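Structure data follow from entry_25.txt (compact mmCIF, C-alpha atoms):
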```
# COMPACT_ATOMS: atom_id res chain seq x y z
CA MET A 1 0.00 0.00 0.00
CA ASN A 2 2.37 2.65 -1.24
CA GLU A 3 -0.31 5.05 -2.44
CA THR A 4 -1.91 7.30 0.14
CA VAL A 5 -5.36 8.89 -0.16
CA ASN A 6 -5.72 12.00 1.98
CA ILE A 7 -9.06 13.11 3.41
CA GLY A 8 -10.04 16.51 4.77
CA LEU A 9 -12.98 16.83 7.16
CA ILE A 10 -14.89 20.10 7.41
CA GLY A 11 -17.14 20.03 10.46
CA PHE A 12 -16.13 18.31 13.70
CA GLY A 13 -19.56 18.09 15.32
CA THR A 14 -21.55 15.00 16.19
CA ILE A 15 -21.33 13.31 12.78
CA GLY A 16 -17.75 14.47 12.21
CA SER A 17 -16.78 12.89 15.52
CA GLY A 18 -18.46 9.70 14.37
CA VAL A 19 -16.42 9.75 11.17
CA VAL A 20 -13.18 10.06 13.14
CA ALA A 21 -14.28 7.26 15.49
CA THR A 22 -15.10 5.02 12.51
CA LEU A 23 -11.75 5.66 10.86
CA ASN A 24 -9.95 5.01 14.16
CA GLN A 25 -11.86 1.80 14.75
CA ASN A 26 -11.82 0.25 11.28
CA ILE A 27 -8.91 1.81 9.40
CA HIS A 28 -7.25 -1.55 8.71
CA LEU A 29 -10.52 -2.97 7.40
CA LEU A 30 -10.96 0.02 5.11
CA GLU A 31 -7.40 0.00 3.83
CA GLY A 32 -7.71 -3.71 3.13
CA LYS A 33 -10.73 -3.02 0.94
CA VAL A 34 -9.12 -0.26 -1.13
CA LYS A 35 -5.51 -1.54 -1.08
CA LYS A 36 -4.31 1.98 -0.28
CA LYS A 37 -3.36 3.92 2.83
CA VAL A 38 -6.23 6.11 4.03
CA ASN A 39 -5.10 9.20 5.91
CA LEU A 40 -7.28 11.78 7.66
CA LYS A 41 -4.92 14.66 6.99
CA ARG A 42 -6.85 17.66 8.26
CA ILE A 43 -9.94 18.51 10.35
CA VAL A 44 -11.36 22.03 10.19
CA ASP A 45 -13.90 23.47 12.62
CA LEU A 46 -14.51 26.82 14.30
CA ASP A 47 -14.10 25.02 17.64
CA ILE A 48 -10.98 22.87 17.88
CA THR A 49 -10.63 22.90 21.68
CA THR A 50 -13.72 21.02 22.87
CA ASP A 51 -13.12 17.35 23.64
CA ARG A 52 -15.17 15.24 21.20
CA GLY A 53 -14.44 11.98 22.98
CA VAL A 54 -12.40 10.59 20.06
CA GLU A 55 -8.67 10.24 19.64
CA VAL A 56 -7.24 12.76 17.20
CA ASP A 57 -3.79 14.24 16.59
CA PRO A 58 -4.03 17.94 17.63
CA GLN A 59 -1.61 18.79 14.80
CA ILE A 60 -4.27 18.08 12.16
CA LEU A 61 -6.83 20.46 13.69
CA SER A 62 -7.38 23.87 12.10
CA THR A 63 -9.89 26.70 12.01
CA ASN A 64 -8.93 27.70 8.44
CA VAL A 65 -10.98 25.91 5.78
CA ASP A 66 -8.39 26.71 3.11
CA ASP A 67 -6.03 24.34 4.90
CA ILE A 68 -8.22 21.71 3.26
CA LEU A 69 -9.57 23.40 0.13
CA GLU A 70 -6.18 24.70 -1.01
CA ASP A 71 -4.14 21.64 -0.06
CA ASP A 72 -3.16 19.86 -3.28
CA GLU A 73 -2.46 16.65 -1.38
CA ILE A 74 -6.05 16.26 -0.14
CA ASP A 75 -8.07 14.05 -2.47
CA ILE A 76 -11.47 13.86 -0.74
CA VAL A 77 -13.31 16.57 1.19
CA ILE A 78 -16.04 15.58 3.66
CA GLU A 79 -18.49 18.44 4.23
CA LEU A 80 -20.45 18.14 7.48
CA VAL A 81 -21.12 21.79 8.18
CA GLY A 82 -24.79 21.59 7.20
CA GLY A 83 -27.06 24.37 5.96
CA TYR A 84 -26.72 26.34 2.74
CA GLN A 85 -23.80 28.69 3.31
CA PRO A 86 -20.91 28.47 3.71
CA ALA A 87 -21.36 24.75 2.90
CA LEU A 88 -22.19 25.43 -0.77
CA SER A 89 -19.11 27.60 -1.22
CA PHE A 90 -16.93 24.95 0.41
CA ILE A 91 -18.25 22.18 -1.83
CA LEU A 92 -17.98 24.18 -5.06
CA LYS A 93 -14.45 25.35 -4.26
CA ALA A 94 -13.35 21.82 -3.36
CA MET A 95 -14.61 20.48 -6.69
CA LYS A 96 -13.09 23.35 -8.67
CA ASN A 97 -9.78 22.43 -7.04
CA GLY A 98 -10.14 18.86 -8.29
CA LYS A 99 -11.27 17.27 -5.04
CA HIS A 100 -13.98 14.65 -4.66
CA VAL A 101 -16.69 15.50 -2.13
CA VAL A 102 -18.72 13.52 0.39
CA THR A 103 -21.64 15.23 2.13
CA ALA A 104 -24.63 14.43 4.31
CA ASN A 105 -26.27 17.78 3.51
CA LYS A 106 -29.74 16.96 2.18
CA ALA A 107 -30.92 20.57 2.48
CA LEU A 108 -28.12 21.81 0.25
CA LEU A 109 -28.61 19.06 -2.33
CA ALA A 110 -32.36 19.61 -2.44
CA LYS A 111 -31.94 23.33 -3.08
CA HIS A 112 -28.79 23.46 -5.25
CA TRP A 113 -28.76 20.04 -6.95
CA GLN A 114 -28.11 21.16 -10.51
CA GLU A 115 -25.42 23.69 -9.63
CA ILE A 116 -23.54 21.11 -7.58
CA MET A 117 -23.84 18.33 -10.18
CA ASP A 118 -22.80 20.64 -13.02
CA CYS A 119 -19.71 21.68 -11.06
CA ALA A 120 -18.78 18.04 -10.41
CA HIS A 121 -19.07 17.15 -14.10
CA ARG A 122 -17.12 20.19 -15.27
CA ASN A 123 -14.24 19.37 -12.94
CA GLY A 124 -14.23 15.60 -13.42
CA VAL A 125 -14.83 14.79 -9.75
CA ARG A 126 -17.38 12.80 -7.84
CA ILE A 127 -19.83 13.86 -5.16
CA CYS A 128 -21.35 11.18 -2.95
CA PHE A 129 -24.19 11.74 -0.48
CA GLU A 130 -25.43 8.39 0.83
CA ALA A 131 -25.89 9.82 4.34
CA SER A 132 -28.23 12.58 3.12
CA VAL A 133 -31.27 10.26 3.01
CA GLY A 134 -31.85 7.45 5.47
CA GLY A 135 -28.72 7.96 7.56
CA GLY A 136 -26.95 4.62 7.83
CA ILE A 137 -29.30 2.74 5.48
CA PRO A 138 -27.55 1.71 2.23
CA LEU A 139 -30.18 3.32 0.04
CA LEU A 140 -29.06 5.79 -2.62
CA GLU A 141 -26.25 3.80 -4.20
CA PRO A 142 -28.42 0.65 -4.42
CA LEU A 143 -31.20 2.76 -5.92
CA ASN A 144 -28.86 4.36 -8.45
CA GLU A 145 -26.92 1.21 -9.31
CA GLY A 146 -28.32 -2.00 -7.84
CA LEU A 147 -31.78 -1.21 -9.21
CA ALA A 148 -30.51 0.33 -12.44
CA ALA A 149 -32.23 -2.37 -14.53
CA ASN A 150 -35.62 -1.12 -13.31
CA ASN A 151 -38.02 1.63 -14.10
CA ILE A 152 -39.00 2.72 -10.58
CA GLU A 153 -42.76 3.00 -10.32
CA THR A 154 -43.35 3.82 -6.66
CA VAL A 155 -41.41 5.25 -3.72
CA TYR A 156 -42.89 5.39 -0.22
CA GLY A 157 -40.65 6.57 2.59
CA ILE A 158 -40.67 6.95 6.36
CA ILE A 159 -37.60 9.12 6.40
CA ASN A 160 -37.80 11.34 9.46
CA GLY A 161 -36.99 9.64 12.75
CA THR A 162 -38.35 12.44 14.94
CA ALA A 163 -41.83 12.32 13.41
CA ASN A 164 -41.86 8.53 13.39
CA TYR A 165 -40.82 8.37 17.05
CA ILE A 166 -43.57 10.80 18.05
CA LEU A 167 -46.28 8.93 16.15
CA THR A 168 -45.07 5.60 17.55
CA LYS A 169 -45.18 6.82 21.16
CA MET A 170 -48.57 8.48 20.65
CA ALA A 171 -49.86 5.12 19.45
CA ASP A 172 -48.20 3.05 22.18
CA LEU A 173 -49.04 5.32 25.12
CA GLY A 174 -52.16 7.17 23.98
CA LEU A 175 -50.50 10.53 24.67
CA ASP A 176 -51.03 13.87 22.96
CA PHE A 177 -48.55 15.23 20.42
CA ASP A 178 -47.23 17.99 22.71
CA VAL A 179 -46.51 15.57 25.55
CA VAL A 180 -44.58 13.14 23.36
CA LEU A 181 -42.71 15.99 21.67
CA LYS A 182 -41.39 17.22 25.02
CA GLU A 183 -40.22 13.70 25.86
CA ALA A 184 -38.53 13.40 22.46
CA GLN A 185 -36.72 16.69 23.05
CA LEU A 186 -35.49 15.54 26.46
CA MET A 187 -34.18 12.31 24.91
CA GLY A 188 -32.43 14.14 22.08
CA TYR A 189 -34.71 12.73 19.37
CA ALA A 190 -36.20 16.16 18.59
CA GLU A 191 -34.65 19.60 18.23
CA GLN A 192 -35.66 22.42 20.57
CA ASP A 193 -37.28 23.93 17.49
CA PRO A 194 -38.80 20.80 15.90
CA THR A 195 -40.67 22.59 13.11
CA PHE A 196 -38.47 21.31 10.31
CA ASP A 197 -39.09 17.69 11.31
CA VAL A 198 -42.71 17.67 12.48
CA GLU A 199 -44.01 19.89 9.66
CA GLY A 200 -42.56 17.60 6.99
CA HIS A 201 -39.84 19.81 5.51
CA ASP A 202 -36.97 17.43 6.33
CA THR A 203 -38.93 14.59 4.72
CA ALA A 204 -39.63 16.76 1.67
CA GLN A 205 -35.94 17.54 1.10
CA LYS A 206 -35.10 13.85 1.21
CA LEU A 207 -37.97 13.05 -1.14
CA ILE A 208 -36.55 15.53 -3.66
CA ILE A 209 -33.31 13.52 -3.75
CA LEU A 210 -35.17 10.21 -3.99
CA SER A 211 -37.26 11.54 -6.87
CA ILE A 212 -34.18 12.62 -8.80
CA LEU A 213 -32.62 9.18 -8.47
CA SER A 214 -35.87 7.30 -9.08
CA PHE A 215 -37.53 9.35 -11.79
CA GLY A 216 -34.85 11.67 -13.14
CA ILE A 217 -36.68 14.86 -12.28
CA TYR A 218 -35.97 17.68 -9.83
CA VAL A 219 -39.06 19.10 -8.14
CA GLU A 220 -38.50 21.91 -5.67
CA GLU A 221 -40.33 21.72 -2.36
CA GLU A 222 -42.54 24.70 -3.14
CA LYS A 223 -44.04 22.78 -6.07
CA PHE A 224 -45.55 19.88 -4.09
CA HIS A 225 -47.78 19.30 -1.08
CA VAL A 226 -45.98 19.16 2.28
CA GLU A 227 -47.92 18.63 5.51
CA GLY A 228 -46.82 17.69 9.03
CA ILE A 229 -48.14 15.72 11.99
CA THR A 230 -48.96 18.43 14.55
CA ARG A 231 -52.75 18.03 14.24
CA ILE A 232 -52.79 14.26 14.72
CA THR A 233 -54.40 13.16 18.00
CA PRO A 234 -54.61 9.89 19.94
CA ASP A 235 -58.25 9.66 18.81
CA ASP A 236 -57.14 9.58 15.17
CA ILE A 237 -54.53 6.92 15.88
CA LYS A 238 -56.96 4.81 17.93
CA PHE A 239 -59.68 4.95 15.26
CA ALA A 240 -57.16 4.03 12.56
CA ARG A 241 -56.02 1.01 14.57
CA GLU A 242 -59.39 -0.26 15.77
CA GLU A 243 -61.65 0.57 12.84
CA LEU A 244 -59.34 0.58 9.82
CA ASP A 245 -56.58 -1.80 10.94
CA SER A 246 -54.07 0.90 10.01
CA VAL A 247 -51.32 3.03 11.54
CA VAL A 248 -50.55 6.72 11.05
CA LYS A 249 -47.17 7.49 9.45
CA LEU A 250 -45.62 10.62 8.02
CA LEU A 251 -45.06 9.36 4.50
CA ALA A 252 -43.04 10.63 1.56
CA ILE A 253 -44.78 9.54 -1.63
CA ALA A 254 -43.57 9.65 -5.22
CA GLN A 255 -45.21 7.50 -7.86
CA LEU A 256 -45.42 7.58 -11.62
CA ASP A 257 -48.65 6.90 -13.46
CA ASP A 258 -48.83 7.22 -17.24
CA GLY A 259 -46.06 9.81 -17.31
CA GLU A 260 -47.45 11.92 -14.46
CA LEU A 261 -45.50 12.09 -11.21
CA GLU A 262 -47.35 12.34 -7.92
CA ILE A 263 -45.05 13.77 -5.27
CA ARG A 264 -46.27 14.64 -1.78
CA VAL A 265 -45.52 14.50 1.96
CA HIS A 266 -48.26 14.11 4.57
CA PRO A 267 -49.61 11.92 7.38
CA THR A 268 -50.97 8.73 5.86
CA LEU A 269 -53.01 5.78 7.09
CA VAL A 270 -50.91 2.72 6.27
CA PRO A 271 -52.59 -0.74 6.44
CA GLN A 272 -51.18 -3.02 9.14
CA ASP A 273 -50.25 -5.64 6.55
CA HIS A 274 -48.03 -3.22 4.62
CA LEU A 275 -44.28 -3.57 5.15
CA LEU A 276 -44.01 0.06 6.29
CA ALA A 277 -46.57 -0.33 9.08
CA SER A 278 -44.05 -2.02 11.40
CA VAL A 279 -41.37 0.69 11.03
CA ASN A 280 -41.40 2.30 14.47
CA ASP A 281 -39.54 4.65 16.80
CA VAL A 282 -36.59 6.49 15.21
CA PHE A 283 -36.12 3.93 12.45
CA ASN A 284 -36.48 4.82 8.77
CA ALA A 285 -37.52 2.75 5.77
CA VAL A 286 -38.03 3.26 2.07
CA TYR A 287 -40.35 0.98 0.09
CA MET A 288 -39.84 0.96 -3.67
CA VAL A 289 -41.42 -0.91 -6.55
CA GLY A 290 -39.44 -1.57 -9.73
CA ASP A 291 -40.99 -2.88 -12.91
CA VAL A 292 -38.57 -5.83 -12.94
CA VAL A 293 -37.63 -6.51 -9.31
CA GLY A 294 -41.01 -5.74 -7.75
CA PRO A 295 -41.23 -4.41 -4.17
CA VAL A 296 -38.04 -3.70 -2.20
CA LEU A 297 -37.78 -2.47 1.39
CA MET A 298 -34.67 -0.80 2.80
CA TYR A 299 -34.75 -0.36 6.58
CA GLY A 300 -32.45 0.87 9.31
CA GLN A 301 -31.36 3.75 11.50
CA GLY A 302 -32.06 6.97 9.66
CA ALA A 303 -29.97 9.30 11.79
CA GLY A 304 -27.52 9.44 14.67
CA MET A 305 -23.80 9.80 15.06
CA MET A 306 -22.54 6.35 14.11
CA PRO A 307 -25.15 5.25 11.53
CA THR A 308 -24.63 8.48 9.58
CA ALA A 309 -20.84 8.26 9.95
CA SER A 310 -21.05 4.72 8.55
CA ALA A 311 -22.58 6.07 5.34
CA VAL A 312 -20.11 8.96 5.10
CA VAL A 313 -17.07 6.70 5.41
CA ALA A 314 -18.62 4.20 2.99
CA ASP A 315 -18.88 7.00 0.42
CA CYS A 316 -15.17 7.76 0.89
CA ILE A 317 -14.31 4.10 0.29
CA ASN A 318 -16.56 4.05 -2.77
CA ILE A 319 -14.66 7.00 -4.24
CA ILE A 320 -11.24 5.59 -3.38
CA GLN A 321 -12.02 2.29 -5.05
CA ASP A 322 -12.52 4.05 -8.37
CA MET A 323 -11.43 7.69 -8.34
CA GLU A 324 -11.45 7.94 -12.13
CA ARG A 325 -15.09 6.97 -12.42
CA THR A 326 -17.84 9.44 -13.27
CA VAL A 327 -21.35 8.94 -11.98
CA ASN A 328 -24.66 10.01 -13.47
CA TYR A 329 -27.35 10.13 -10.84
CA GLY A 330 -30.84 9.06 -11.82
CA PRO A 331 -32.20 7.67 -15.10
CA ALA A 332 -30.51 8.83 -18.29
CA THR A 333 -33.90 9.90 -19.64
CA SER A 334 -36.78 10.86 -17.39
CA ARG A 335 -40.13 9.21 -18.08
CA VAL A 336 -41.92 12.07 -16.30
CA LYS A 337 -44.03 14.13 -18.70
CA LYS A 338 -45.42 16.38 -16.00
CA VAL A 339 -45.79 16.67 -12.24
CA LYS A 340 -49.37 16.07 -11.19
CA ASP A 341 -50.94 18.97 -9.32
CA MET A 342 -52.06 17.99 -5.82
CA SER A 343 -55.62 19.03 -6.67
CA ARG A 344 -55.79 16.13 -9.16
CA VAL A 345 -54.62 13.43 -6.75
CA GLU A 346 -57.21 10.77 -5.97
CA CYS A 347 -57.31 8.64 -2.83
CA LYS A 348 -59.47 7.67 0.11
CA TYR A 349 -59.76 10.11 3.01
CA TYR A 350 -60.27 9.86 6.75
CA LEU A 351 -62.12 12.82 8.29
CA ARG A 352 -62.59 13.72 11.96
CA ILE A 353 -65.29 16.35 12.25
CA THR A 354 -65.96 17.87 15.68
CA ALA A 355 -69.59 18.99 15.72
CA SER A 356 -72.52 19.77 18.00
CA ASP A 357 -74.56 16.76 19.02
CA GLU A 358 -77.83 17.81 17.40
CA PRO A 359 -80.25 16.51 14.78
CA GLY A 360 -79.42 17.04 11.11
CA VAL A 361 -75.64 17.27 11.46
CA LEU A 362 -74.84 14.06 9.60
CA HIS A 363 -77.44 14.83 6.96
CA SER A 364 -75.92 18.26 6.27
CA ILE A 365 -72.36 16.95 6.08
CA SER A 366 -73.35 14.03 3.85
CA GLY A 367 -75.16 16.39 1.52
CA ILE A 368 -72.10 18.63 1.14
CA LEU A 369 -69.90 15.64 0.34
CA SER A 370 -72.44 14.23 -2.10
CA ASP A 371 -72.72 17.54 -3.95
CA LEU A 372 -68.95 17.36 -4.54
CA ASN A 373 -69.02 13.74 -5.80
CA ILE A 374 -67.56 12.37 -2.57
CA SER A 375 -69.17 9.14 -1.41
CA ILE A 376 -68.92 7.89 2.17
CA GLU A 377 -67.57 4.41 2.86
CA SER A 378 -68.17 4.47 6.62
CA VAL A 379 -69.23 6.84 9.38
CA SER A 380 -68.97 6.57 13.15
CA GLN A 381 -70.00 8.97 15.90
CA LYS A 382 -68.24 8.56 19.25
CA LYS A 383 -69.09 9.70 22.75
CA SER A 384 -67.12 12.65 24.05
CA GLU A 385 -66.33 14.17 27.43
CA ASP A 386 -67.19 17.50 25.82
CA GLU A 387 -70.96 17.87 26.16
CA ASP A 388 -71.09 20.54 23.46
CA ALA A 389 -69.29 18.64 20.69
CA VAL A 390 -68.70 15.07 19.55
CA PRO A 391 -66.23 13.64 17.04
CA ILE A 392 -67.64 12.21 13.83
CA PHE A 393 -65.27 9.84 12.03
CA MET A 394 -65.75 9.36 8.31
CA VAL A 395 -63.91 7.43 5.63
CA THR A 396 -64.62 8.26 2.01
CA HIS A 397 -64.33 6.22 -1.11
CA HIS A 398 -61.73 7.42 -3.64
CA ALA A 399 -62.23 11.12 -4.24
CA LEU A 400 -60.50 14.00 -5.95
CA GLU A 401 -58.29 16.17 -3.74
CA LYS A 402 -59.75 19.43 -5.05
CA ASN A 403 -63.25 18.21 -4.18
CA ILE A 404 -62.33 17.12 -0.67
CA GLN A 405 -60.58 20.44 -0.02
CA GLN A 406 -63.63 22.35 -1.23
CA ALA A 407 -65.82 20.23 1.04
CA MET A 408 -63.56 20.98 4.02
CA LYS A 409 -63.86 24.72 3.43
CA ILE A 410 -67.66 24.51 3.44
CA ILE A 411 -67.91 22.09 6.39
CA ASN A 412 -65.51 24.08 8.57
CA LYS A 413 -67.70 27.19 8.17
CA LEU A 414 -70.85 25.45 9.43
CA ASP A 415 -72.16 26.81 12.73
CA PHE A 416 -72.34 23.38 14.34
CA VAL A 417 -68.69 22.50 13.50
CA LYS A 418 -66.62 23.42 16.56
CA LYS A 419 -63.05 22.70 15.41
CA GLU A 420 -61.22 22.57 12.12
CA THR A 421 -61.71 19.16 10.52
CA VAL A 422 -58.74 16.78 10.54
CA LEU A 423 -58.07 15.04 7.22
CA ILE A 424 -55.71 12.12 6.72
CA ARG A 425 -55.16 10.41 3.39
CA LEU A 426 -55.16 6.62 3.08
CA LEU A 427 -52.42 4.69 1.32
```
Transcribe the structure of this file into structure tokens.
Amino acid sequence: MNETVNIGLIGFGTIGSGVVATLNQNIHLLEGKVKKKVNLKRIVDLDITTDRGVEVDPQILSTNVDDILEDDEIDIVIELVGGYQPALSFILKAMKNGKHVVTANKALLAKHWQEIMDCAHRNGVRICFEASVGGGIPLLEPLNEGLAANNIETVYGIINGTANYILTKMADLGLDFDVVLKEAQLMGYAEQDPTFDVEGHDTAQKLIILSILSFGIYVEEEKFHVEGITRITPDDIKFAREELDSVVKLLAIAQLDDGELEIRVHPTLVPQDHLLASVNDVFNAVYMVGDVVGPVLMYGQGAGMMPTASAVVADCINIIQDMERTVNYGPATSRVKKVKDMSRVECKYYLRITASDEPGVLHSISGILSDLNISIESVSQKKSEDEDAVPIFMVTHHALEKNIQQAMKIINKLDFVKKETVLIRLL
């Protein structure tokens, strides 16, 4: 092993520490795979004094990013800064200087995909990002290469551990969203500001990357429906389990039908017999259907220090094994003719309507739905501790999204409706 491959690490936080720990632990295994010496030559971070709990030579620590970006001996740059800037500038400069890049930055890829890929191609370098979706799950490379013989037809993903943990604990313990969220924050499973996770934006960014690799099309988040889990209650989860034999999951959905791509993120009722129904706690999974292979499920830890570091280091090994290789991500030719507007999506719907317990309520609601070509599959009215209002649970047959949204606007304005109606789509 005469040849040495030098790596520069930008960002010595939680994941960066995991990368160093992985290299320390398995360096001989890694070098045996690539038949080269692998050397972590430089680590750059604004804070180089805090003890990260991993063994590192103080001489390789720096606060100057150009100690990596301008070092001609460094072959691979790992970017773990996160966010948009200065991460984008670091990545572009690294590639312009002929360095391969590994990143876990899904937000940056989702927003600046084309600019980053164009820069990589112009400079003859590779960018790998396995850790950006699904953490430690081997997902993106298998999708791009192992399933390359397939036209991907469907992608369903549970790809945010925070939201999945909250929904799991709400189901297991019968607790309200706010209570479980506080517990998740105390355990480190949720940020102090959890908006990005619980409102579906993190899931949406990952779905953008999955859609590029699966269908060859970039769809920015503003162009598709994104909805979070904050309005889900234990009553919704209990009804789904007892009456519909289903569980509530925050699902990323992308599926191609006759050239039209449906792409959306929202809470979804998943049947108990579906493979995704048993994905609980902080675990992630992506279910895909290829026209040749059929259904495939990829499951594992979607975040965390060591699972994510595992994917980052694996990307480095991938690059080292063939540094001359170029990679085209996604199908060579997209089969997508257009992105379907959310208003044209059709599915079944669960509705929880909180209304006064008085004669004529069900008749009025049924009439509104009927006028908009929405037929009711089942209806159930439950007792409530609130003497002024009771929950009415409805499940519709397949209906058009624009019709159900119009119905919700009308129903929510009725005098006897006491709270905004909760709507959950069925898988």
Show me, as CSV, the residues of range 187-257 of chain A having an atom within 10 Å of range 110-115 of chain A, each with the closest atom pair and its distance in Å, using all atoms listed in the file.
```
residue,atom,partner,partner_atom,distance
A:Ala204,CA,A:Ala110,CA,8.8
A:Gln205,CA,A:Ala110,CA,5.4
A:Lys206,CA,A:Ala110,CA,7.3
A:Leu207,CA,A:Ala110,CA,8.7
A:Ile208,CA,A:Ala110,CA,6.0
A:Ile209,CA,A:Ala110,CA,6.3
A:Leu210,CA,A:Ala110,CA,9.9
A:Ile212,CA,A:Trp113,CA,9.4
A:Tyr218,CA,A:Trp113,CA,8.1
A:Val219,CA,A:Ala110,CA,8.8
A:Glu220,CA,A:Lys111,CA,7.2
A:Glu221,CA,A:Ala110,CA,8.2
```
With distances taken over all atoms listed in the file, the candidate from A:Leu213, A:Val313, A:Leu369, A:Cys347 nearest Ile152 in chain A is A:Leu213
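When CA of Lys182 in chain A is paired with CA of Pro194 in chain A, their separation reads 10.1 Å.
Using all atoms listed in the file, the protein and nucleic acid residues lying no more than 6 Å from Val101 in chain A, apart from those fewer than 4 places from it along its own chain, are Ile76, Val77, Ile78 and Ile127 of chain A.
CA of Asp258 in chain A is positioned 27.6 Å from CA of Glu377 in chain A.
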One residue among A:Leu426, A:Leu175, A:Met288, A:Val336 is nearest to Gly259 in chain A when using all atoms listed in the file, and that residue is A:Val336
I want to know what sits within 8 Å of Ser132 in chain A, based on all atoms listed in the file, with residues of the same chain fewer than 5 positions away left out; could you give that as a PyMOL selection string? chain A and resi 103-106+206
Using only C-alpha atoms, please write the residues we just selected to a file, as an mmCIF file, in the frame of the given file.
```cif
data_model
loop_
_atom_site.group_PDB
_atom_site.id
_atom_site.type_symbol
_atom_site.label_atom_id
_atom_site.label_comp_id
_atom_site.auth_asym_id
_atom_site.auth_seq_id
_atom_site.Cartn_x
_atom_site.Cartn_y
_atom_site.Cartn_z
ATOM 1 C CA THR A 103 -21.640 15.230 2.130
ATOM 2 C CA ALA A 104 -24.630 14.430 4.310
ATOM 3 C CA ASN A 105 -26.270 17.780 3.510
ATOM 4 C CA LYS A 106 -29.740 16.960 2.180
ATOM 5 C CA LYS A 206 -35.100 13.850 1.210
#
```
Go through A:Lys338, A:Arg231, A:Arg52, A:Lys249 one by one, measure the shortest atom-to-atom distance of each to Leu276 in chain A using all atoms listed in the file, and give the residue with the smallest value. A:Lys249
Polymer residues at most 12 Å from Pro391 in chain A, all atoms listed in the file, same-chain spacing of 5 or more positions, as a list in words: Thr233, Asp235, Asp236, Phe239, Leu351, Arg352, Ile353, Thr354, Ala355, Ser356, Asp357, Val361, Leu362, Val379, Ser380, Gln381, Lys382, Lys383, Ser384, Glu385, Asp386, Phe416, Val417, Lys418, Lys419, Glu420, Thr421 and Val422 of chain A
Find the residues near Ile7 in chain A: any atom within 8 Å, counting all atoms listed in the file, skip ones fewer than 5 places away on the same chain, and give them as a PDB file with C-alpha atoms, in the coordinates of the input.
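Printed below is result_35.pdb as written:
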```pdb
ATOM      1  CA  VAL A  38      -6.230   6.110   4.030  1.00  0.00           C
ATOM      2  CA  ASN A  39      -5.100   9.200   5.910  1.00  0.00           C
ATOM      3  CA  LEU A  40      -7.280  11.780   7.660  1.00  0.00           C
ATOM      4  CA  LYS A  41      -4.920  14.660   6.990  1.00  0.00           C
ATOM      5  CA  ARG A  42      -6.850  17.660   8.260  1.00  0.00           C
ATOM      6  CA  ILE A  74      -6.050  16.260  -0.140  1.00  0.00           C
ATOM      7  CA  ASP A  75      -8.070  14.050  -2.470  1.00  0.00           C
ATOM      8  CA  ILE A  76     -11.470  13.860  -0.740  1.00  0.00           C
ATOM      9  CA  VAL A  77     -13.310  16.570   1.190  1.00  0.00           C
ATOM     10  CA  ILE A  78     -16.040  15.580   3.660  1.00  0.00           C
TER      11      ILE A  78
END
```
Nearest to Glu79 in chain A, restricted to all atoms listed in the file and choosing among A:Asp202, A:Lys348, A:Cys316, A:Ile392, comes out as A:Cys316
Of the residues A:Tyr349, A:Tyr329, A:Met342, A:Tyr299, which is the one nearest to Glu145 in chain A, using all atoms listed in the file?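 Going through A:Tyr349, A:Tyr329, A:Met342, A:Tyr299 one by one, the smallest distance to Glu145 in chain A is for A:Tyr329.
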Given only C-alpha atoms as the counted atoms, nearest of A:Asn403, A:Ser214, A:Ser310, A:Thr230 to Leu181 in chain A: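 Going through A:Asn403, A:Ser214, A:Ser310, A:Thr230 one by one, the smallest distance to Leu181 in chain A is for A:Thr230.
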